[in-house]
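Q: Sharing data.cif below, mmCIF, C-alpha atoms:
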data_run
loop_
_atom_site.label_atom_id
_atom_site.label_comp_id
_atom_site.auth_asym_id
_atom_site.auth_seq_id
_atom_site.Cartn_x
_atom_site.Cartn_y
_atom_site.Cartn_z
CA MET A 1 75.76 4.98 51.40
CA ASN A 2 77.87 2.19 49.86
CA LEU A 3 75.67 -0.32 51.69
CA PHE A 4 72.60 1.36 50.18
CA TYR A 5 73.85 1.01 46.61
CA LEU A 6 75.02 -2.55 47.25
CA SER A 7 71.55 -3.46 48.52
CA ILE A 8 69.92 -1.89 45.46
CA PHE A 9 72.30 -3.88 43.25
CA PHE A 10 71.25 -7.16 44.89
CA ILE A 11 67.55 -6.24 44.64
CA ILE A 12 67.91 -5.59 40.89
CA GLY A 13 69.68 -8.93 40.58
CA PHE A 14 66.84 -10.77 42.29
CA ALA A 15 64.34 -8.93 40.07
CA LEU A 16 66.19 -10.09 36.94
CA PHE A 17 65.92 -13.66 38.23
CA GLU A 18 62.14 -13.17 38.50
CA ALA A 19 61.78 -13.13 42.26
CA PRO A 20 58.17 -12.48 43.43
CA LEU A 21 57.25 -8.86 42.90
CA PHE A 22 56.10 -8.23 46.48
CA THR A 23 59.53 -9.32 47.78
CA ILE A 24 61.26 -6.90 45.42
CA VAL A 25 59.00 -3.99 46.41
CA ALA A 26 59.26 -4.90 50.12
CA ALA A 27 63.05 -5.12 50.00
CA PHE A 28 63.39 -1.84 48.10
CA THR A 29 61.03 -0.11 50.54
CA ALA A 30 62.94 -1.48 53.55
CA VAL A 31 66.29 -0.32 52.16
CA CYS A 32 64.93 3.15 51.36
CA LEU A 33 63.35 3.58 54.81
CA TYR A 34 66.46 2.31 56.58
CA SER A 35 68.60 4.77 54.62
CA ILE A 36 66.72 7.75 56.14
CA ASN A 37 68.33 7.52 59.59
CA TYR A 38 69.89 4.02 59.55
CA GLU A 39 67.53 2.75 62.23
CA TRP A 40 65.33 -0.32 61.91
CA SER A 41 62.50 1.55 63.64
CA SER A 42 61.93 3.34 60.34
CA LEU A 43 60.51 0.09 58.97
CA GLN A 44 57.49 0.53 61.21
CA LEU A 45 56.03 2.69 58.44
CA ILE A 46 55.36 -0.47 56.38
CA ILE A 47 53.36 -2.04 59.24
CA ILE A 48 51.47 1.22 59.81
CA GLU A 49 50.51 1.49 56.14
CA MET A 50 49.48 -2.18 55.94
CA ASN A 51 47.31 -1.72 59.04
CA ARG A 52 45.71 1.36 57.44
CA LEU A 53 45.09 -0.65 54.27
CA ALA A 54 43.39 -3.44 56.21
CA SER A 55 40.98 -0.94 57.77
CA MET A 56 39.61 0.21 54.39
CA PRO A 57 36.11 -1.26 53.91
CA VAL A 58 36.34 -1.01 50.12
CA LEU A 59 39.28 -3.44 50.06
CA VAL A 60 36.85 -6.30 50.71
CA ALA A 61 35.54 -5.94 47.15
CA LEU A 62 38.88 -6.92 45.64
CA PRO A 63 39.02 -10.61 46.71
CA LEU A 64 35.25 -11.05 46.32
CA PHE A 65 35.17 -9.83 42.73
CA THR A 66 38.32 -11.86 42.00
CA PHE A 67 36.63 -15.01 43.31
CA ALA A 68 33.49 -14.35 41.24
CA GLY A 69 35.58 -13.78 38.09
CA CYS A 70 37.64 -16.96 38.59
CA LEU A 71 34.44 -18.93 39.15
CA LEU A 72 32.80 -17.64 35.95
CA THR A 73 35.98 -18.51 34.03
CA GLU A 74 35.34 -22.19 34.77
CA THR A 75 31.77 -22.12 33.40
CA LYS A 76 30.14 -21.77 29.99
CA ALA A 77 28.97 -18.23 30.78
CA PRO A 78 31.46 -16.54 28.36
CA LYS A 79 30.34 -18.83 25.53
CA ARG A 80 26.64 -18.13 26.23
CA PHE A 81 27.30 -14.39 26.13
CA MET A 82 29.19 -14.77 22.84
CA ASN A 83 26.32 -16.78 21.36
CA PHE A 84 23.87 -14.04 22.30
CA MET A 85 26.05 -11.29 20.81
CA GLN A 86 26.57 -13.33 17.65
CA THR A 87 22.83 -13.92 17.26
CA LEU A 88 22.03 -10.26 17.92
CA ILE A 89 24.53 -8.53 15.60
CA GLY A 90 26.13 -11.35 13.60
CA TRP A 91 24.13 -10.34 10.51
CA LEU A 92 25.99 -7.00 10.21
CA PRO A 93 29.16 -6.72 8.10
CA GLY A 94 31.83 -7.71 10.61
CA GLY A 95 29.08 -8.58 13.09
CA LEU A 96 30.83 -11.72 14.31
CA ALA A 97 34.03 -9.77 15.03
CA ILE A 98 32.01 -7.04 16.79
CA ALA A 99 30.41 -9.77 18.91
CA ALA A 100 33.91 -10.98 19.77
CA ILE A 101 34.91 -7.45 20.87
CA GLY A 102 31.83 -7.19 23.09
CA SER A 103 32.45 -10.64 24.59
CA CYS A 104 36.09 -9.86 25.37
CA ALA A 105 35.16 -6.53 26.99
CA PHE A 106 32.48 -8.20 29.12
CA PHE A 107 34.76 -11.04 30.20
CA THR A 108 37.74 -8.79 30.97
CA ALA A 109 35.53 -6.56 33.12
CA LEU A 110 34.47 -9.58 35.17
CA THR A 111 37.93 -11.12 35.57
CA GLY A 112 40.01 -7.92 35.64
CA ALA A 113 42.77 -9.80 33.82
CA SER A 114 43.60 -9.25 30.16
CA GLY A 115 45.64 -12.43 29.68
CA VAL A 116 42.87 -14.59 31.09
CA THR A 117 40.49 -13.31 28.40
CA ILE A 118 42.89 -14.21 25.59
CA VAL A 119 43.51 -17.69 26.99
CA ALA A 120 39.89 -18.44 27.91
CA LEU A 121 38.09 -16.97 24.89
CA GLY A 122 40.85 -17.35 22.31
CA SER A 123 40.22 -21.07 21.86
CA VAL A 124 36.53 -20.32 21.19
CA LEU A 125 36.73 -17.15 19.10
CA TYR A 126 39.78 -17.77 16.87
CA PRO A 127 38.45 -20.86 15.04
CA ILE A 128 34.97 -19.30 14.69
CA LEU A 129 36.38 -16.13 13.11
CA ARG A 130 38.76 -18.04 10.82
CA GLN A 131 35.98 -20.38 9.68
CA SER A 132 33.99 -17.26 8.79
CA LEU A 133 36.83 -16.26 6.43
CA TYR A 134 38.22 -13.44 8.53
CA HIS A 135 41.85 -12.81 7.57
CA LYS A 136 44.43 -14.36 9.90
CA ASN A 137 46.18 -11.07 10.74
CA PHE A 138 42.86 -9.29 11.22
CA THR A 139 41.69 -11.99 13.65
CA LEU A 140 44.95 -12.15 15.61
CA GLY A 141 45.12 -8.37 15.99
CA LEU A 142 41.48 -8.23 17.05
CA LEU A 143 41.80 -10.88 19.79
CA THR A 144 45.15 -9.57 21.04
CA THR A 145 44.02 -5.97 21.52
CA SER A 146 40.47 -6.84 22.62
CA GLY A 147 41.93 -8.84 25.50
CA SER A 148 42.42 -5.64 27.48
CA LEU A 149 39.04 -4.05 26.68
CA GLY A 150 36.65 -3.92 29.58
CA LEU A 151 39.08 -2.68 32.22
CA LEU A 152 37.03 0.53 32.46
CA PHE A 153 33.75 -1.25 33.24
CA PRO A 154 32.54 -2.53 36.62
CA PRO A 155 33.58 -4.62 38.45
CA SER A 156 37.07 -3.98 37.02
CA LEU A 157 39.67 -4.82 39.67
CA PRO A 158 42.17 -2.17 38.41
CA VAL A 159 39.56 0.55 38.98
CA ILE A 160 38.92 -0.67 42.53
CA LEU A 161 42.65 -0.85 43.23
CA TYR A 162 43.20 2.66 41.81
CA GLY A 163 40.46 4.01 44.07
CA VAL A 164 42.04 2.35 47.12
CA VAL A 165 45.53 3.64 46.33
CA ASN A 166 44.46 7.19 45.52
CA GLN A 167 41.58 7.44 48.04
CA ILE A 168 38.93 8.26 45.40
CA ASP A 169 35.29 7.18 45.48
CA ILE A 170 35.26 4.08 43.28
CA ARG A 171 31.71 4.69 42.05
CA GLN A 172 32.82 8.10 40.77
CA ILE A 173 35.63 6.43 38.81
CA PHE A 174 33.24 3.91 37.27
CA LYS A 175 30.91 6.75 36.27
CA ALA A 176 33.79 8.67 34.69
CA ALA A 177 35.09 5.59 32.86
CA LEU A 178 31.72 4.48 31.46
CA ILE A 179 31.52 6.81 28.44
CA PRO A 180 35.22 6.39 27.45
CA GLY A 181 34.86 2.61 27.81
CA ILE A 182 31.76 2.48 25.60
CA LEU A 183 33.33 4.85 23.04
CA LEU A 184 36.48 2.71 22.82
CA VAL A 185 34.42 -0.42 22.11
CA LEU A 186 32.41 1.53 19.50
CA VAL A 187 35.57 2.86 17.80
CA LEU A 188 37.00 -0.64 17.35
CA SER A 189 33.59 -1.97 16.29
CA LEU A 190 33.27 0.77 13.67
CA TYR A 191 36.72 -0.12 12.31
CA VAL A 192 35.70 -3.78 12.07
CA PHE A 193 32.44 -2.85 10.34
CA CYS A 194 34.19 -0.64 7.76
CA HIS A 195 36.96 -3.19 7.24
CA GLN A 196 34.53 -5.96 6.38
CA LEU A 197 32.22 -3.69 4.38
CA PHE A 198 34.93 -2.25 2.11
CA TYR A 199 37.61 -4.96 2.27
CA ALA A 200 38.75 -5.67 -1.30
CA GLY A 201 39.23 -9.40 -0.80
CA LYS A 202 36.84 -12.34 -0.92
CA PRO A 203 33.30 -11.67 0.20
CA ASN A 204 32.54 -13.24 3.53
CA LYS A 205 30.11 -15.99 2.53
CA THR A 206 29.75 -17.67 5.89
CA GLU A 207 28.40 -14.66 7.76
CA ASN A 208 24.73 -13.80 7.62
CA THR A 209 25.56 -10.37 6.27
CA GLY A 210 22.48 -8.40 5.31
CA ARG A 211 20.01 -10.72 7.01
CA ALA A 212 18.72 -9.40 10.30
CA ALA A 213 18.53 -11.75 13.25
CA SER A 214 15.12 -13.27 13.81
CA LEU A 215 13.34 -12.44 17.03
CA THR A 216 13.02 -16.14 17.86
CA ARG A 217 16.77 -16.80 17.62
CA VAL A 218 17.58 -13.72 19.69
CA LYS A 219 15.03 -14.75 22.31
CA ASP A 220 16.42 -18.30 22.45
CA ALA A 221 19.99 -17.00 22.87
CA PHE A 222 18.82 -14.58 25.55
CA TRP A 223 17.06 -17.30 27.52
CA GLU A 224 20.10 -19.56 27.21
CA GLY A 225 22.05 -17.06 29.32
CA ILE A 226 19.14 -15.95 31.49
CA TRP A 227 20.99 -16.77 34.71
CA GLU A 228 23.96 -14.50 33.81
CA TRP A 229 21.99 -11.33 33.00
CA PRO A 230 21.14 -10.52 36.67
CA ILE A 231 24.90 -10.07 37.27
CA ILE A 232 24.89 -7.11 34.87
CA VAL A 233 21.70 -5.72 36.43
CA ILE A 234 23.18 -5.94 39.96
CA LEU A 235 26.36 -4.20 38.78
CA ILE A 236 24.53 -1.37 37.03
CA ILE A 237 22.08 -0.72 39.88
CA GLY A 238 24.67 -1.18 42.62
CA VAL A 239 27.53 0.82 41.08
CA TYR A 240 25.68 3.56 39.21
CA GLY A 241 22.50 3.72 41.29
CA GLY A 242 24.26 4.39 44.58
CA PHE A 243 22.03 1.97 46.49
CA ALA A 244 24.93 -0.04 47.94
CA THR A 245 28.65 0.18 48.53
CA ILE A 246 31.13 -1.57 46.23
CA ALA A 247 31.85 -4.13 48.98
CA GLU A 248 28.14 -4.94 49.34
CA VAL A 249 27.73 -5.28 45.57
CA SER A 250 30.72 -7.63 45.36
CA ALA A 251 29.35 -9.85 48.17
CA LEU A 252 25.91 -10.02 46.54
CA ILE A 253 27.35 -10.92 43.12
CA LEU A 254 29.63 -13.60 44.56
CA LEU A 255 26.74 -15.19 46.48
CA TYR A 256 24.56 -15.11 43.36
CA VAL A 257 27.27 -16.64 41.14
CA ILE A 258 27.94 -19.48 43.62
CA ILE A 259 24.23 -20.32 43.92
CA VAL A 260 23.64 -20.25 40.15
CA GLU A 261 26.78 -22.06 38.98
CA CYS A 262 26.97 -24.64 41.77
CA PHE A 263 23.34 -25.41 42.58
CA ILE A 264 21.15 -24.31 39.64
CA LEU A 265 23.25 -24.82 36.48
CA ARG A 266 25.67 -27.19 38.26
CA GLU A 267 28.57 -26.35 35.95
CA VAL A 268 30.92 -26.21 38.94
CA SER A 269 30.97 -28.84 41.69
CA PHE A 270 30.55 -27.19 45.10
CA PHE A 271 32.68 -29.80 46.89
CA MET A 272 35.11 -30.89 44.14
CA GLN A 273 35.91 -27.77 42.08
CA LEU A 274 34.91 -24.76 44.18
CA PRO A 275 37.69 -25.17 46.83
CA GLY A 276 40.34 -25.18 44.08
CA ILE A 277 38.85 -22.06 42.48
CA MET A 278 38.74 -20.42 45.90
CA ILE A 279 42.45 -21.11 46.44
CA GLU A 280 43.31 -19.82 42.94
CA SER A 281 41.43 -16.57 43.52
CA ALA A 282 42.89 -16.18 47.03
CA VAL A 283 46.43 -16.49 45.66
CA LEU A 284 45.71 -13.85 43.00
CA SER A 285 43.97 -11.33 45.26
CA GLY A 286 46.36 -12.04 48.15
CA ALA A 287 49.37 -11.26 45.96
CA ILE A 288 47.77 -7.97 44.92
CA ILE A 289 47.00 -6.98 48.53
CA VAL A 290 50.52 -7.83 49.75
CA ILE A 291 52.07 -5.82 46.92
CA LEU A 292 49.71 -2.96 47.72
CA GLY A 293 50.64 -3.05 51.41
CA VAL A 294 54.40 -2.84 50.90
CA ALA A 295 53.99 -0.32 48.06
CA LEU A 296 52.11 2.02 50.40
CA GLY A 297 55.18 1.92 52.65
CA LEU A 298 57.27 2.95 49.64
CA THR A 299 54.79 5.75 48.97
CA GLY A 300 55.30 6.99 52.53
CA TYR A 301 59.05 7.10 51.94
CA LEU A 302 58.61 9.04 48.67
CA VAL A 303 56.38 11.58 50.41
CA ASP A 304 58.75 11.99 53.38
CA GLU A 305 61.71 12.51 51.06
CA LYS A 306 59.66 14.88 48.85
CA ILE A 307 60.50 12.90 45.70
CA PRO A 308 57.33 14.07 43.84
CA ASP A 309 58.20 17.68 44.69
CA GLN A 310 61.65 17.22 43.19
CA ILE A 311 60.15 15.71 40.04
CA ILE A 312 57.67 18.59 39.81
CA ALA A 313 60.52 21.08 40.11
CA GLY A 314 62.39 19.31 37.30
CA LEU A 315 59.33 19.19 35.05
CA SER A 316 58.47 22.82 35.75
CA ALA A 317 61.96 23.79 34.60
CA LEU A 318 61.25 21.98 31.31
CA THR A 319 57.68 23.13 30.77
CA GLN A 320 54.75 24.57 32.65
CA ASN A 321 52.38 23.78 29.81
CA LYS A 322 49.67 21.38 30.94
CA TYR A 323 49.14 19.93 27.47
CA LEU A 324 52.82 19.18 26.90
CA PHE A 325 52.90 17.49 30.29
CA LEU A 326 49.91 15.32 29.32
CA ALA A 327 51.65 14.29 26.10
CA GLY A 328 54.78 13.29 28.01
CA LEU A 329 52.68 11.51 30.62
CA ASN A 330 50.99 9.39 27.93
CA VAL A 331 54.34 8.34 26.47
CA PHE A 332 55.59 7.44 29.95
CA LEU A 333 52.46 5.44 30.84
CA LEU A 334 52.50 3.54 27.55
CA ALA A 335 56.05 2.47 28.39
CA VAL A 336 54.94 1.47 31.90
CA GLY A 337 52.07 -0.55 30.43
CA CYS A 338 54.55 -2.48 28.31
CA ILE A 339 56.87 -3.55 31.10
CA MET A 340 54.58 -3.86 34.14
CA ASP A 341 51.29 -5.58 34.84
CA ILE A 342 48.44 -3.19 35.58
CA PHE A 343 48.21 -3.96 39.31
CA SER A 344 51.91 -3.32 39.92
CA ALA A 345 51.78 -0.15 37.84
CA ILE A 346 48.89 1.20 39.89
CA VAL A 347 50.46 0.64 43.31
CA ILE A 348 53.92 1.86 42.28
CA VAL A 349 53.36 4.61 39.70
CA VAL A 350 50.08 6.22 40.80
CA PRO A 351 51.40 7.69 44.10
CA ILE A 352 54.19 9.38 42.16
CA ILE A 353 52.25 10.87 39.24
CA VAL A 354 49.09 12.00 41.09
CA PRO A 355 50.66 14.89 43.06
CA ILE A 356 52.55 15.97 39.94
CA ALA A 357 49.38 15.96 37.84
CA LEU A 358 47.51 17.94 40.49
CA LYS A 359 50.15 20.68 40.26
CA TYR A 360 49.35 20.95 36.56
CA GLY A 361 45.63 21.30 37.33
CA ILE A 362 44.55 17.87 36.06
CA ASP A 363 41.39 16.47 37.63
CA PRO A 364 42.28 13.29 39.62
CA ILE A 365 39.32 11.32 38.20
CA HIS A 366 40.21 12.36 34.64
CA LEU A 367 43.78 11.30 35.39
CA CYS A 368 42.50 7.87 36.45
CA VAL A 369 40.76 7.35 33.11
CA ILE A 370 43.89 8.47 31.22
CA PHE A 371 46.01 6.13 33.33
CA LEU A 372 43.81 3.07 32.75
CA ILE A 373 43.44 3.62 28.99
CA ASN A 374 47.22 3.94 28.68
CA LEU A 375 47.72 0.65 30.46
CA GLU A 376 45.02 -1.00 28.32
CA ILE A 377 46.98 0.03 25.23
CA GLY A 378 50.32 -0.82 26.83
CA TYR A 379 49.28 -4.46 27.14
CA SER A 380 49.48 -4.77 23.34
CA THR A 381 52.22 -2.22 22.56
CA PRO A 382 55.44 -3.58 20.98
CA PRO A 383 58.01 -4.67 21.75
CA VAL A 384 57.19 -6.17 25.16
CA GLY A 385 53.42 -5.77 25.68
CA ILE A 386 52.35 -8.83 27.66
CA ASN A 387 49.29 -9.55 25.49
CA LEU A 388 51.53 -9.97 22.46
CA PHE A 389 53.43 -12.79 24.15
CA ILE A 390 50.31 -14.42 25.61
CA SER A 391 48.72 -14.42 22.14
CA SER A 392 51.93 -15.74 20.62
CA ILE A 393 51.82 -18.72 22.98
CA ARG A 394 48.04 -19.21 22.77
CA PHE A 395 47.77 -19.09 18.96
CA GLN A 396 51.23 -20.55 18.22
CA LYS A 397 52.26 -17.56 16.09
CA PRO A 398 55.53 -15.57 16.02
CA VAL A 399 55.37 -12.42 18.12
CA THR A 400 56.63 -10.33 15.17
CA LEU A 401 53.49 -11.35 13.25
CA LEU A 402 51.39 -10.11 16.17
CA TYR A 403 53.23 -6.78 16.07
CA ARG A 404 51.97 -6.21 12.53
CA ALA A 405 48.51 -7.66 13.19
CA SER A 406 47.89 -5.41 16.21
CA LEU A 407 49.14 -2.19 14.58
CA PRO A 408 45.82 -0.91 13.09
CA TYR A 409 44.00 -1.44 16.38
CA LEU A 410 46.80 0.20 18.36
CA LEU A 411 46.79 3.28 16.14
CA LEU A 412 43.02 3.66 16.65
CA MET A 413 43.36 3.22 20.41
CA ILE A 414 46.18 5.79 20.60
CA LEU A 415 44.10 8.32 18.63
CA PHE A 416 41.24 7.63 21.03
CA LEU A 417 43.63 8.16 23.97
CA VAL A 418 44.55 11.59 22.60
CA LEU A 419 40.85 12.44 22.35
CA ILE A 420 40.16 11.39 25.96
CA THR A 421 43.28 13.16 27.21
CA TYR A 422 42.50 16.57 25.74
CA ILE A 423 38.69 16.52 26.10
CA PRO A 424 38.14 15.99 29.85
CA ALA A 425 34.36 16.39 29.47
CA LEU A 426 34.17 12.91 27.95
CA SER A 427 35.38 11.49 31.27
CA LEU A 428 33.80 13.97 33.68
CA PHE A 429 30.37 14.35 32.06
CA LEU A 430 28.57 11.84 34.30
CA VAL A 431 30.60 12.82 37.37
CA ARG A 432 30.07 16.56 37.18
#
Transcribe the structure of this file into structure tokens.
A:
Amino acid sequence: MNLFYLSIFFIIGFALFEAPLFTIVAAFTAVCLYSINYEWSSLQLIIIEMNRLASMPVLVALPLFTFAGCLLTETKAPKRFMNFMQTLIGWLPGGLAIAAIGSCAFFTALTGASGVTIVALGSVLYPILRQSLYHKNFTLGLLTTSGSLGLLFPPSLPVILYGVVNQIDIRQIFKAALIPGILLVLVLSLYVFCHQLFYAGKPNKTENTGRAASLTRVKDAFWEGIWEWPIIVILIIGVYGGFATIAEVSALILLYVIIVECFILREVSFFMQLPGIMIESAVLSGAIIVILGVALGLTGYLVDEKIPDQIIAGLSALTQNKYLFLAGLNVFLLAVGCIMDIFSAIVIVVPIIVPIALKYGIDPIHLCVIFLINLEIGYSTPPVGINLFISSIRFQKPVTLLYRASLPYLLLMILFLVLITYIPALSLFLVR
């Protein structure tokens, strides 16, 4: 037992020195499994779980979508989408900011990474919004919190990973997350609209407020991005139409993106740039898969030792009220979202909370939506939300300023979370 605690002490030490996450999870899993009967044969569970993971057909979608997202990051596709949104709704009060919200949601859905959206689109959106006389704090808060929007829309990698970990049909999750995802974008857009319409400062003279977009300009902006629109069509038909599996949809989209960006638009060199992008995406998706493999071994240990049952017994002693449990769960997940990236949180936390939530009668698909929205908010929640620090570096602003700038958006998102949590029909309408 002393050896067990000593090993845990060393693992925590390595974690504090920022050792790779998969090594920390693997070491912790190995120590826990070895402590069961002090035989190295117990470690076979990790190999068994990794072999089971490799046999899941849906896992193929993870690296393919990652590759497609990394490839689009290196093109002008995000800027073309932003131009279209700006032309379409830029004439509304706050229309430019609403276009920025839509662009961030679209880009985050494709890449599955919140920080990438802030870094990639921040350099484009921040000067445009500031030149249009949007207040500095308003703009910083908008871009910081919008960086995590889109994680509920296909082909979101966190949704795919959640489905793999919890053995849920991924198309069902996307269907459940569609309405909450759209409503969240609409809530923030409505706030932006009202803020610009009733803001008691200078009128925004550089926006085309009150002048509807001409059909010619909209058509020109649409045709500028004509090669990107089929991606959305393939996603909608493939994911929501049920005509193909997620793996087949991911392969089709990747093939389409390579052909368009390398051979038609030629924004990425097939021989010079594509191999580097391929390596970058392989490192990202490979790290996720390795973490997932060793985390499944940890899940096996938790199940064998009946850790979730012990937690359930403790919670039941405190309360058997489902709604109080949901409130506590939201507070816990917001804290998790602050200190862990979304992929690590899914593979480590989901196996623990799912059996507990089932005991309280919570639908597993509804739980998935609650989980993902919490982690979306956690990205920008003080004091250690990762988006706050990424924005601080990207925009060269103190993180304390970003705390204040993000507060109105966070309050709206938390109120929206409460709504989604206690009205399951919003998540289960399309599924049921």
Q: Give me, as a Markdown table, each residue of segment 94-201 of chain A that comes within 10 Å of segment 73-82 of chain A, together with its shortest interatomic pair and the distance in Å at one decimal, counting only C-alpha atoms, with rows ordered by chain and rising residue number.
A:
| residue | atom | partner | partner_atom | distance |
| --- | --- | --- | --- | --- |
| A:Leu96 | CA | A:Met82 | CA | 9.2 |
| A:Ala99 | CA | A:Met82 | CA | 6.5 |
| A:Ala100 | CA | A:Met82 | CA | 6.8 |
| A:Ile101 | CA | A:Met82 | CA | 9.5 |
| A:Gly102 | CA | A:Met82 | CA | 8.0 |
| A:Ser103 | CA | A:Met82 | CA | 5.5 |
| A:Cys104 | CA | A:Pro78 | CA | 8.7 |
| A:Phe106 | CA | A:Pro78 | CA | 8.4 |
| A:Phe107 | CA | A:Pro78 | CA | 6.7 |
| A:Leu110 | CA | A:Thr73 | CA | 9.1 |
| A:Thr111 | CA | A:Thr73 | CA | 7.8 |
| A:Val116 | CA | A:Thr73 | CA | 8.5 |
| A:Thr117 | CA | A:Thr73 | CA | 8.9 |
| A:Ala120 | CA | A:Thr73 | CA | 7.3 |
| A:Leu121 | CA | A:Pro78 | CA | 7.5 |
| A:Val124 | CA | A:Lys79 | CA | 7.7 |
| A:Leu125 | CA | A:Met82 | CA | 8.7 |
Q: Compile the contact shell of Tyr134 of chain A as an mmCIF file with C-alpha atoms, in the coordinates of the input: residues with an atom at most 9 Å away, counting all atoms listed in the file, same-chain residues fewer than 4 positions apart removed.
A:
data_model
loop_
_atom_site.group_PDB
_atom_site.id
_atom_site.type_symbol
_atom_site.label_atom_id
_atom_site.label_comp_id
_atom_site.auth_asym_id
_atom_site.auth_seq_id
_atom_site.Cartn_x
_atom_site.Cartn_y
_atom_site.Cartn_z
ATOM 1 C CA GLY A 94 31.830 -7.710 10.610
ATOM 2 C CA ALA A 97 34.030 -9.770 15.030
ATOM 3 C CA LEU A 129 36.380 -16.130 13.110
ATOM 4 C CA ARG A 130 38.760 -18.040 10.820
ATOM 5 C CA PHE A 138 42.860 -9.290 11.220
ATOM 6 C CA THR A 139 41.690 -11.990 13.650
ATOM 7 C CA GLN A 196 34.530 -5.960 6.380
ATOM 8 C CA ASN A 204 32.540 -13.240 3.530
#
Q: Which residues fall under the PyMOL selection byres ((chain A and resi 393-410) around 7) in this file, as a list of chain:residue names?
A: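 That selection, the PyMOL selection byres ((chain A and resi 393-410) around 7), comes back as A:Val119, A:Asn137, A:Phe138, A:Leu140, A:Gly141, A:Thr144, A:Thr145, A:Ile377, A:Pro382, A:Leu388, A:Phe389, A:Ile390, A:Ser391, A:Ser392, A:Leu411, A:Leu412, A:Met413, A:Ile414.
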Q: Could you tell me which residues the PyMOL selection byres ((chain A and resi 378) around 8) returns for this structure, as an NGL selection string?
A: :A and (333-338 or 374-377 or 379-381 or 385)
Q: Store the residues picked out above in a file with C-alpha atoms, as a CSV table (one decimal), in the coordinates of the input.
A:
chain,number,residue,atom,x,y,z
A,333,LEU,CA,52.5,5.4,30.8
A,334,LEU,CA,52.5,3.5,27.6
A,335,ALA,CA,56.0,2.5,28.4
A,336,VAL,CA,54.9,1.5,31.9
A,337,GLY,CA,52.1,-0.6,30.4
A,338,CYS,CA,54.6,-2.5,28.3
A,374,ASN,CA,47.2,3.9,28.7
A,375,LEU,CA,47.7,0.6,30.5
A,376,GLU,CA,45.0,-1.0,28.3
A,377,ILE,CA,47.0,0.0,25.2
A,379,TYR,CA,49.3,-4.5,27.1
A,380,SER,CA,49.5,-4.8,23.3
A,381,THR,CA,52.2,-2.2,22.6
A,385,GLY,CA,53.4,-5.8,25.7
Q: So the first atom is atom CA of Gly90 of chain A and the second is atom CA of Lys136 of chain A; what is the distance between them in Å, to one decimal place?
A: 18.9 Å
Q: Counting only C-alpha atoms, which residues come within 9 Å of (59.9, 6.6, 53.6), with the point read in the file's coordinates, and could you list them as number ranges by chain?
A: A: 29-30, 32-36, 42-43, 45-46, 297-305
Q: Return as a Markdown table the residues of segment 133-203 of chain A lying at most 8 Å from segment 341-364 of chain A, together with the closest atom-to-atom pair for each and the distance in Å to one decimal, counting only C-alpha atoms, with rows in chain order and ascending residue number.
A:
| residue | atom | partner | partner_atom | distance |
| --- | --- | --- | --- | --- |
| A:Pro158 | CA | A:Phe343 | CA | 6.4 |
| A:Leu161 | CA | A:Ile346 | CA | 7.4 |
| A:Tyr162 | CA | A:Ile346 | CA | 6.2 |
| A:Val165 | CA | A:Val347 | CA | 6.5 |
| A:Asn166 | CA | A:Pro351 | CA | 7.1 |
Q: Rank A:Leu71, A:Leu64, A:Leu188, A:Leu53 by their smallest atom-to-atom distance to Gly276 of chain A, using only C-alpha atoms, and report the top residue only.
A: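 Nearest to Gly276 of chain A: A:Leu71.
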Q: To one decimal place, how far is atom CA of Gln273 of chain A from atom CA of Ile231 of chain A in Å?
A: 21.4 Å
Q: Looking at only C-alpha atoms, which of A:Ser269, A:Gln172, A:Thr245, A:Ser281 is the one that sits closest to Leu428 of chain A?
A: A:Gln172
